[in-house]
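> My file is model-v7.tsv. It has TSV, C-alpha atoms:
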chain	number	residue	atom	x	y	z
A	1	MET	CA	-19.86	41.93	88.26
A	2	GLY	CA	-18.68	39.74	85.41
A	3	TYR	CA	-16.57	36.62	85.09
A	4	LYS	CA	-12.79	36.46	85.17
A	5	ILE	CA	-11.29	34.82	82.10
A	6	ALA	CA	-7.83	33.60	81.14
A	7	VAL	CA	-6.67	32.87	77.59
A	8	VAL	CA	-3.74	30.44	77.53
A	9	GLY	CA	-1.72	30.69	74.32
A	10	ALA	CA	-2.79	34.29	73.85
A	11	THR	CA	-0.02	35.14	71.38
A	12	GLY	CA	-0.90	32.40	68.88
A	13	ASN	CA	-3.32	32.49	65.94
A	14	VAL	CA	-6.23	31.00	67.87
A	15	GLY	CA	-5.42	32.73	71.17
A	16	ARG	CA	-5.52	36.14	69.55
A	17	GLU	CA	-8.77	35.21	67.82
A	18	MET	CA	-10.21	34.09	71.17
A	19	LEU	CA	-9.48	37.52	72.66
A	20	ASN	CA	-10.97	39.18	69.61
A	21	THR	CA	-14.10	37.02	69.76
A	22	LEU	CA	-14.64	37.56	73.50
A	23	ALA	CA	-14.55	41.31	72.93
A	24	GLU	CA	-16.68	41.24	69.76
A	25	ARG	CA	-19.45	39.25	71.43
A	26	ASN	CA	-19.39	41.34	74.63
A	27	PHE	CA	-18.69	38.33	76.80
A	28	PRO	CA	-19.51	39.28	80.43
A	29	ALA	CA	-15.90	39.46	81.56
A	30	ASP	CA	-14.80	41.68	84.42
A	31	GLU	CA	-11.16	40.87	83.86
A	32	VAL	CA	-9.23	39.05	81.14
A	33	PHE	CA	-5.72	37.61	81.56
A	34	ALA	CA	-3.47	36.86	78.58
A	35	LEU	CA	-1.17	33.90	79.28
A	36	ALA	CA	1.57	32.26	77.26
A	37	SER	CA	4.91	30.52	77.55
A	38	THR	CA	7.98	32.07	79.14
A	39	LYS	CA	9.33	33.44	75.86
A	40	SER	CA	6.24	35.64	75.45
A	41	ILE	CA	6.14	37.14	78.95
A	42	GLY	CA	5.86	40.92	78.83
A	43	ARG	CA	4.56	41.13	75.27
A	44	THR	CA	1.23	42.85	74.70
A	45	VAL	CA	-1.84	41.54	72.92
A	46	VAL	CA	-4.99	43.42	71.95
A	47	TYR	CA	-8.34	42.89	73.66
A	48	GLY	CA	-11.22	44.87	72.21
A	49	GLU	CA	-10.72	48.19	70.46
A	50	ASP	CA	-8.55	49.97	72.96
A	51	THR	CA	-7.22	47.54	75.58
A	52	ASP	CA	-3.72	46.09	75.60
A	53	LEU	CA	-3.04	43.11	77.83
A	54	THR	CA	0.41	42.25	79.11
A	55	VAL	CA	1.21	38.58	78.65
A	56	LEU	CA	1.79	36.62	81.86
A	57	ASP	CA	3.49	33.27	82.41
A	58	SER	CA	0.94	30.45	82.08
A	59	ALA	CA	3.17	28.03	84.03
A	60	THR	CA	3.10	30.11	87.23
A	61	PHE	CA	-0.34	31.71	86.92
A	62	ASP	CA	-2.78	31.23	89.82
A	63	PHE	CA	-5.86	29.79	88.09
A	64	SER	CA	-7.95	30.17	91.26
A	65	LYS	CA	-8.19	33.84	90.23
A	66	VAL	CA	-10.35	33.04	87.18
A	67	ASP	CA	-13.67	31.36	86.48
A	68	ILE	CA	-12.94	30.09	82.95
A	69	ALA	CA	-9.71	29.45	81.07
A	70	LEU	CA	-9.65	29.10	77.29
A	71	PHE	CA	-6.62	27.00	76.30
A	72	SER	CA	-5.00	27.09	72.88
A	73	ALA	CA	-1.34	26.36	73.56
A	74	GLY	CA	-0.93	22.78	72.32
A	75	GLY	CA	-1.42	19.34	73.79
A	76	GLU	CA	1.59	19.29	76.10
A	77	THR	CA	0.58	22.55	77.78
A	78	SER	CA	-3.00	21.32	78.14
A	79	LYS	CA	-1.80	18.02	79.58
A	80	LYS	CA	0.22	19.81	82.28
A	81	LEU	CA	-1.85	22.89	83.06
A	82	ALA	CA	-5.50	21.97	82.42
A	83	PRO	CA	-5.76	19.63	85.47
A	84	LYS	CA	-3.99	22.24	87.60
A	85	ALA	CA	-6.48	24.90	86.51
A	86	ALA	CA	-9.44	22.56	86.96
A	87	GLU	CA	-8.35	21.60	90.48
A	88	ALA	CA	-8.12	25.31	91.31
A	89	GLY	CA	-11.84	25.66	90.54
A	90	CYS	CA	-11.44	27.10	87.05
A	91	VAL	CA	-13.42	25.56	84.17
A	92	VAL	CA	-11.09	24.75	81.27
A	93	ILE	CA	-12.22	24.93	77.65
A	94	ASP	CA	-9.38	23.26	75.77
A	95	ASN	CA	-8.68	23.65	72.06
A	96	SER	CA	-5.95	21.00	71.85
A	97	SER	CA	-6.56	17.36	70.95
A	98	TYR	CA	-5.31	16.06	74.30
A	99	TRP	CA	-8.62	15.82	76.22
A	100	ARG	CA	-11.08	15.25	73.38
A	101	MET	CA	-11.48	11.49	73.71
A	102	GLU	CA	-10.98	11.38	77.48
A	103	PRO	CA	-13.97	9.72	79.21
A	104	GLY	CA	-15.87	12.25	81.29
A	105	VAL	CA	-14.71	15.22	79.20
A	106	PRO	CA	-17.53	16.64	77.03
A	107	LEU	CA	-16.60	17.31	73.40
A	108	ILE	CA	-18.86	20.16	72.42
A	109	VAL	CA	-20.20	21.98	69.38
A	110	PRO	CA	-22.97	24.03	71.06
A	111	GLU	CA	-25.43	23.93	68.15
A	112	VAL	CA	-24.97	20.17	67.75
A	113	ASN	CA	-24.63	18.62	71.23
A	114	GLY	CA	-24.85	21.44	73.73
A	115	GLN	CA	-26.80	19.18	76.08
A	116	ALA	CA	-23.60	17.18	76.72
A	117	LEU	CA	-22.12	20.22	78.47
A	118	ALA	CA	-24.08	19.19	81.56
A	119	GLY	CA	-21.34	16.69	82.39
A	120	TYR	CA	-18.52	19.25	82.49
A	121	ALA	CA	-18.17	19.20	86.31
A	122	LYS	CA	-16.80	15.63	86.36
A	123	LYS	CA	-13.36	16.95	85.46
A	124	ASN	CA	-13.95	20.71	85.05
A	125	ILE	CA	-12.53	20.31	81.54
A	126	ILE	CA	-14.44	20.76	78.27
A	127	ALA	CA	-12.88	19.88	74.91
A	128	ASN	CA	-13.16	21.91	71.73
A	129	PRO	CA	-13.24	19.56	68.71
A	130	ASN	CA	-10.87	19.56	65.77
A	131	CYS	CA	-11.50	22.46	63.38
A	132	SER	CA	-12.40	20.15	60.49
A	133	THR	CA	-14.71	18.08	62.67
A	134	ILE	CA	-16.58	21.16	63.90
A	135	GLN	CA	-17.60	22.40	60.48
A	136	MET	CA	-18.47	18.92	59.23
A	137	VAL	CA	-20.71	17.95	62.16
A	138	LEU	CA	-22.58	21.24	61.82
A	139	ALA	CA	-23.55	20.13	58.34
A	140	LEU	CA	-24.19	16.52	59.35
A	141	LYS	CA	-26.43	17.16	62.36
A	142	PRO	CA	-29.60	18.40	60.58
A	143	LEU	CA	-29.16	15.77	57.86
A	144	HIS	CA	-28.73	12.99	60.41
A	145	GLU	CA	-31.93	14.06	62.15
A	146	LEU	CA	-33.72	13.96	58.81
A	147	ALA	CA	-32.57	10.68	57.29
A	148	THR	CA	-30.02	8.96	59.63
A	149	ILE	CA	-26.44	8.92	58.35
A	150	LYS	CA	-24.70	5.57	57.82
A	151	ARG	CA	-21.38	6.58	56.30
A	152	VAL	CA	-19.34	9.70	55.49
A	153	VAL	CA	-16.37	9.99	53.14
A	154	VAL	CA	-14.66	13.37	53.43
A	155	SER	CA	-11.68	14.99	51.77
A	156	THR	CA	-10.44	18.15	53.45
A	157	TYR	CA	-8.65	21.16	51.99
A	158	GLN	CA	-7.12	22.70	55.11
A	159	SER	CA	-5.41	26.08	55.27
A	160	VAL	CA	-1.96	26.60	56.74
A	161	SER	CA	-3.24	28.72	59.64
A	162	GLY	CA	-4.40	25.46	61.21
A	163	ALA	CA	-0.72	24.62	61.69
A	164	GLY	CA	0.14	27.92	63.39
A	165	ARG	CA	1.80	31.23	62.67
A	166	ALA	CA	5.12	29.73	61.59
A	167	ALA	CA	3.27	27.68	58.97
A	168	MET	CA	1.64	30.82	57.58
A	169	ASP	CA	5.07	32.46	57.43
A	170	GLU	CA	6.43	29.44	55.56
A	171	LEU	CA	3.75	29.68	52.89
A	172	PHE	CA	4.41	33.41	52.49
A	173	ASN	CA	8.18	33.04	52.37
A	174	GLN	CA	8.14	30.09	49.98
A	175	THR	CA	5.75	31.87	47.61
A	176	LYS	CA	7.87	35.02	47.65
A	177	GLY	CA	11.06	33.00	47.25
A	178	ILE	CA	9.83	31.20	44.15
A	179	TYR	CA	9.23	34.54	42.42
A	180	VAL	CA	12.79	35.75	43.15
A	181	ASN	CA	14.43	32.39	42.36
A	182	ASP	CA	15.21	31.62	46.02
A	183	LEU	CA	14.72	27.90	46.60
A	184	PRO	CA	11.92	27.20	49.11
A	185	LYS	CA	12.99	26.03	52.57
A	186	LYS	CA	10.92	23.34	54.36
A	187	GLU	CA	10.61	23.71	58.12
A	188	GLU	CA	6.95	23.41	59.16
A	189	PHE	CA	5.79	21.08	56.38
A	190	THR	CA	7.20	17.82	55.01
A	191	LYS	CA	6.93	19.05	51.42
A	192	GLN	CA	6.89	22.45	49.72
A	193	ILE	CA	3.52	24.06	50.50
A	194	ALA	CA	3.66	26.96	48.03
A	195	PHE	CA	1.90	26.03	44.76
A	196	ASN	CA	1.35	22.52	46.12
A	197	VAL	CA	-0.99	20.38	48.20
A	198	ILE	CA	0.19	17.95	50.89
A	199	PRO	CA	-1.91	14.85	51.78
A	200	HIS	CA	-0.42	14.68	55.26
A	201	ILE	CA	-1.67	16.42	58.43
A	202	ASP	CA	-0.38	15.25	61.82
A	203	SER	CA	1.50	11.96	62.29
A	204	PHE	CA	0.93	8.65	60.52
A	205	MET	CA	-0.71	5.74	62.32
A	206	ASP	CA	-0.16	2.01	61.83
A	207	ASP	CA	-3.12	1.62	59.48
A	208	GLY	CA	-1.85	4.33	57.11
A	209	ALA	CA	-4.25	7.01	58.27
A	210	THR	CA	-2.97	10.20	59.85
A	211	ARG	CA	-4.04	11.33	63.31
A	212	GLU	CA	-5.98	14.20	61.76
A	213	GLU	CA	-8.04	11.69	59.79
A	214	TRP	CA	-8.51	9.53	62.87
A	215	LYS	CA	-9.66	12.57	64.87
A	216	MET	CA	-12.40	13.36	62.37
A	217	SER	CA	-13.70	9.80	62.63
A	218	VAL	CA	-13.71	9.31	66.41
A	219	GLU	CA	-14.72	12.88	67.26
A	220	THR	CA	-17.71	12.78	64.90
A	221	ARG	CA	-19.02	9.65	66.60
A	222	LYS	CA	-18.52	11.11	70.09
A	223	ILE	CA	-20.28	14.37	69.21
A	224	LEU	CA	-23.19	12.70	67.42
A	225	ALA	CA	-23.48	9.85	69.94
A	226	PRO	CA	-25.22	7.47	70.16
A	227	ALA	CA	-24.97	7.39	66.36
A	228	ASP	CA	-22.55	4.81	64.96
A	229	ILE	CA	-21.49	6.65	61.81
A	230	ALA	CA	-18.62	5.31	59.72
A	231	VAL	CA	-16.26	8.15	58.74
A	232	HIS	CA	-13.40	7.84	56.26
A	233	ALA	CA	-11.30	11.00	55.89
A	234	THR	CA	-8.42	12.14	53.73
A	235	CYS	CA	-6.92	15.35	55.14
A	236	VAL	CA	-4.92	17.61	52.86
A	237	ARG	CA	-3.01	20.85	53.53
A	238	VAL	CA	-3.45	23.47	50.79
A	239	PRO	CA	-1.68	26.80	50.12
A	240	VAL	CA	-4.45	28.97	51.59
A	241	PHE	CA	-3.82	31.18	54.61
A	242	VAL	CA	-7.23	30.95	56.36
A	243	GLY	CA	-10.32	28.82	55.76
A	244	HIS	CA	-10.89	25.08	55.47
A	245	GLY	CA	-12.90	23.43	52.71
A	246	GLU	CA	-14.36	19.92	52.77
A	247	ALA	CA	-15.85	17.73	50.08
A	248	VAL	CA	-18.31	15.54	51.99
A	249	ASN	CA	-20.03	12.45	50.61
A	250	ILE	CA	-22.85	11.05	52.79
A	251	GLU	CA	-24.78	7.79	52.66
A	252	PHE	CA	-28.11	7.71	54.52
A	253	GLU	CA	-30.36	4.96	55.83
A	254	LYS	CA	-33.46	6.68	54.45
A	255	PRO	CA	-34.20	8.51	51.20
A	256	ILE	CA	-33.44	12.24	51.20
A	257	THR	CA	-33.77	14.77	48.40
A	258	VAL	CA	-31.46	17.68	47.62
A	259	GLU	CA	-34.30	20.08	48.39
A	260	GLU	CA	-34.95	18.48	51.79
A	261	ALA	CA	-31.27	18.61	52.65
A	262	ARG	CA	-30.95	22.27	51.69
A	263	LYS	CA	-34.04	23.20	53.69
A	264	ALA	CA	-32.81	21.37	56.81
A	265	MET	CA	-29.37	22.97	56.67
A	266	LYS	CA	-30.76	26.47	56.01
A	267	ALA	CA	-32.85	26.18	59.18
A	268	PHE	CA	-29.95	24.98	61.34
A	269	PRO	CA	-28.10	27.53	63.51
A	270	GLY	CA	-24.54	28.26	62.43
A	271	LEU	CA	-25.06	27.17	58.82
A	272	SER	CA	-25.57	29.22	55.67
A	273	VAL	CA	-26.50	27.60	52.35
A	274	VAL	CA	-25.22	29.33	49.22
A	275	ASP	CA	-25.86	26.87	46.43
A	276	TYR	CA	-26.55	28.04	42.89
A	277	ARG	CA	-25.69	25.92	39.88
A	278	GLN	CA	-23.90	28.68	38.05
A	279	ASP	CA	-20.58	30.51	37.99
A	280	GLU	CA	-19.78	31.93	41.47
A	281	GLY	CA	-22.79	30.14	42.95
A	282	TYR	CA	-20.71	28.60	45.72
A	283	VAL	CA	-18.49	29.75	48.61
A	284	THR	CA	-14.70	29.48	48.87
A	285	PRO	CA	-12.26	29.84	51.81
A	286	GLN	CA	-11.25	33.35	50.74
A	287	GLU	CA	-14.83	34.55	51.19
A	288	VAL	CA	-15.41	33.13	54.68
A	289	GLN	CA	-12.49	34.75	56.48
A	290	GLY	CA	-13.93	36.52	59.51
A	291	GLU	CA	-17.34	34.85	59.14
A	292	ASP	CA	-18.97	33.01	62.04
A	293	ASN	CA	-21.13	30.63	60.02
A	294	VAL	CA	-20.11	27.53	58.13
A	295	PHE	CA	-21.18	27.70	54.47
A	296	ILE	CA	-22.66	24.88	52.39
A	297	SER	CA	-22.58	24.70	48.59
A	298	ARG	CA	-22.66	22.14	45.76
A	299	VAL	CA	-25.41	19.99	47.31
A	300	ARG	CA	-26.18	17.21	44.87
A	301	LYS	CA	-27.37	13.63	44.58
A	302	ASP	CA	-24.80	10.83	44.52
A	303	PRO	CA	-26.27	8.26	42.13
A	304	THR	CA	-23.54	5.68	42.86
A	305	VAL	CA	-24.98	4.66	46.24
A	306	LYS	CA	-28.46	4.24	47.62
A	307	ASN	CA	-29.57	7.40	49.46
A	308	GLY	CA	-26.38	9.35	48.78
A	309	LEU	CA	-25.64	13.08	48.75
A	310	SER	CA	-22.49	15.13	48.25
A	311	LEU	CA	-21.80	18.68	49.42
A	312	TRP	CA	-19.06	21.30	49.78
A	313	CYS	CA	-18.53	22.76	53.25
A	314	VAL	CA	-16.28	25.74	54.06
A	315	GLY	CA	-15.55	27.75	57.20
A	316	ASP	CA	-13.05	30.03	58.92
A	317	ASN	CA	-10.95	27.54	60.88
A	318	LEU	CA	-9.71	30.18	63.33
A	319	ARG	CA	-13.25	31.31	64.21
A	320	LYS	CA	-15.93	28.61	64.20
A	321	GLY	CA	-13.22	25.99	63.83
A	322	ALA	CA	-11.55	27.12	67.06
A	323	ALA	CA	-12.00	30.47	68.85
A	324	LEU	CA	-15.69	31.11	68.26
A	325	ASN	CA	-16.71	27.58	69.20
A	326	ALA	CA	-14.74	27.87	72.46
A	327	VAL	CA	-16.35	31.23	73.29
A	328	GLN	CA	-19.80	29.84	72.48
A	329	ILE	CA	-19.12	27.01	74.93
A	330	ALA	CA	-18.18	29.63	77.54
A	331	GLU	CA	-21.37	31.56	76.79
A	332	MET	CA	-23.49	28.44	77.29
A	333	LEU	CA	-21.56	27.64	80.45
A	334	VAL	CA	-22.30	31.00	82.07
A	335	ALA	CA	-25.89	31.07	80.82
A	336	GLU	CA	-26.86	27.62	82.10
A	337	PHE	CA	-24.37	26.25	84.60
A	338	LEU	CA	-22.08	28.68	86.43
A	339	PRO	CA	-23.31	30.84	89.31
A	340	LYS	CA	-24.59	34.21	88.14
A	341	LYS	CA	-22.29	37.13	88.67
Translate this structure into structure tokens?

Amino acid sequence: MGYKIAVVGATGNVGREMLNTLAERNFPADEVFALASTKSIGRTVVYGEDTDLTVLDSATFDFSKVDIALFSAGGETSKKLAPKAAEAGCVVIDNSSYWRMEPGVPLIVPEVNGQALAGYAKKNIIANPNCSTIQMVLALKPLHELATIKRVVVSTYQSVSGAGRAAMDELFNQTKGIYVNDLPKKEEFTKQIAFNVIPHIDSFMDDGATREEWKMSVETRKILAPADIAVHATCVRVPVFVGHGEAVNIEFEKPITVEEARKAMKAFPGLSVVDYRQDEGYVTPQEVQGEDNVFISRVRKDPTVKNGLSLWCVGDNLRKGAALNAVQIAEMLVAEFLPKK
């Protein structure tokens, strides 16, 4: 016997990738339920090579029928349905931002702080971090162990898939429209996204930062706790369909060489270092689509601060930045905590 799994938000970018990842990794599932909002009821989604799942209504679904529910349907859905599922005895792994900073809810990147998963039973809810946070903390963890990080300044280059399917459609339609002299229409983004970059992801806060930038700061500290790392982020949307890039500048308490940093990151699970000081000796978002690892390039000394390094970090935001990380949490959950089936 295997586990019974539900995917909430199964028709969205991340939900479909969750189903794909569960099947690819042969997750021990006896039965998988695809759930979504009322407007998607009756549609079919693909699970594995030859299985079609009929989408059911997440609002009326009986979560006592499943062991684990992977949520990727937005904060409002998670706010309403995650406690309902948890009270029914189902363990929720939530990809929205709603539960991430809630006390008693573990915020997990398995390679980085898997030990924190032990506290999941307090609420039966586990939070999946922000996509940009996930790939950054993977790079930071081995470096922090080596030389203790004091401060991080990061600029992100985030693809439109992080904003959903409609955002991807907007990039496609605007790009096509420009070539046929059809003025671009703005619906998902505040500015034209085609042939442009937008320094605005999520809503603005009183201090001038956006919530996306705030998330990277507070989530990094929670994941790497008890470290008190200062994080200053500038989050930018770029006209790329899939894959987030990050330019990360790090200040350490102790000296660290480029060679030591490369060696530590190469040895860390989930990271690949491709760093040659020549044409094409680095990795771009286009090349990481469908890849599980986060890739590190452009590692170099920052001579403007004591004990400083800079690096380029890129990953598939739909996989390790969302679906894969959630499935890895589920894998750790069944391996170490849930009753064997």
> Using all atoms listed in the file, pick whichever of A:Thr44, A:Leu35, A:Ala121, A:Thr77 has the shortest atom-to-atom distance to Ser58 in chain A.
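Looking only at the distances to Ser58 in chain A, the closest residue turns out to be A:Leu35.
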> What's the 10 Å shell around Gly308 in chain A, counting all atoms listed in the file, without same-chain residues fewer than 6 positions away, as a compact mmCIF listing (two decimals) with C-alpha atoms, in the coordinates of the input?

# COMPACT_ATOMS: atom_id res chain seq x y z
CA ILE A 149 -26.44 8.92 58.35
CA LYS A 150 -24.70 5.57 57.82
CA ARG A 151 -21.38 6.58 56.30
CA VAL A 152 -19.34 9.70 55.49
CA ASN A 249 -20.03 12.45 50.61
CA ILE A 250 -22.85 11.05 52.79
CA GLU A 251 -24.78 7.79 52.66
CA PHE A 252 -28.11 7.71 54.52
CA GLU A 253 -30.36 4.96 55.83
CA LYS A 254 -33.46 6.68 54.45
CA PRO A 255 -34.20 8.51 51.20
CA ILE A 256 -33.44 12.24 51.20
CA THR A 257 -33.77 14.77 48.40
CA VAL A 258 -31.46 17.68 47.62
CA ARG A 300 -26.18 17.21 44.87
CA LYS A 301 -27.37 13.63 44.58
CA ASP A 302 -24.80 10.83 44.52
> Tell me which of A:Ala264, A:Val154, A:Ala230, A:Ala167 sits closest to Gln135 in chain A, counting all atoms listed in the file.
A:Val154
> Every residue with an atom at most 10 Å from (5.8, 30.3, 53.8) (file coordinates; all atoms listed in the file) is what I'm after, so could you write them as a list of chain:residue names?
A:Val160, A:Arg165, A:Ala166, A:Ala167, A:Met168, A:Asp169, A:Glu170, A:Leu171, A:Phe172, A:Asn173, A:Gln174, A:Thr175, A:Lys176, A:Gly177, A:Pro184, A:Lys185, A:Lys186, A:Glu187, A:Glu188, A:Phe189, A:Gln192, A:Ile193, A:Ala194, A:Pro239, A:Phe241
> Give me, as a count of residues only, all polymer residues having an atom no more than 8 Å from range 93-109 of chain A, counting only C-alpha atoms and skipping those fewer than 4 positions away in the same chain.
37
> Can you work out the spacing between CA of Thr133 in chain A and CA of Ser217 in chain A in Å, to one decimal?
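It comes out at 8.3 Å.
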> For Ala209 in chain A, which residue out of A:Ser159, A:Phe195, A:Lys306, A:Cys235 is the nearest one, using only C-alpha atoms?
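For Ala209 in chain A, the nearest of the candidates is A:Cys235.
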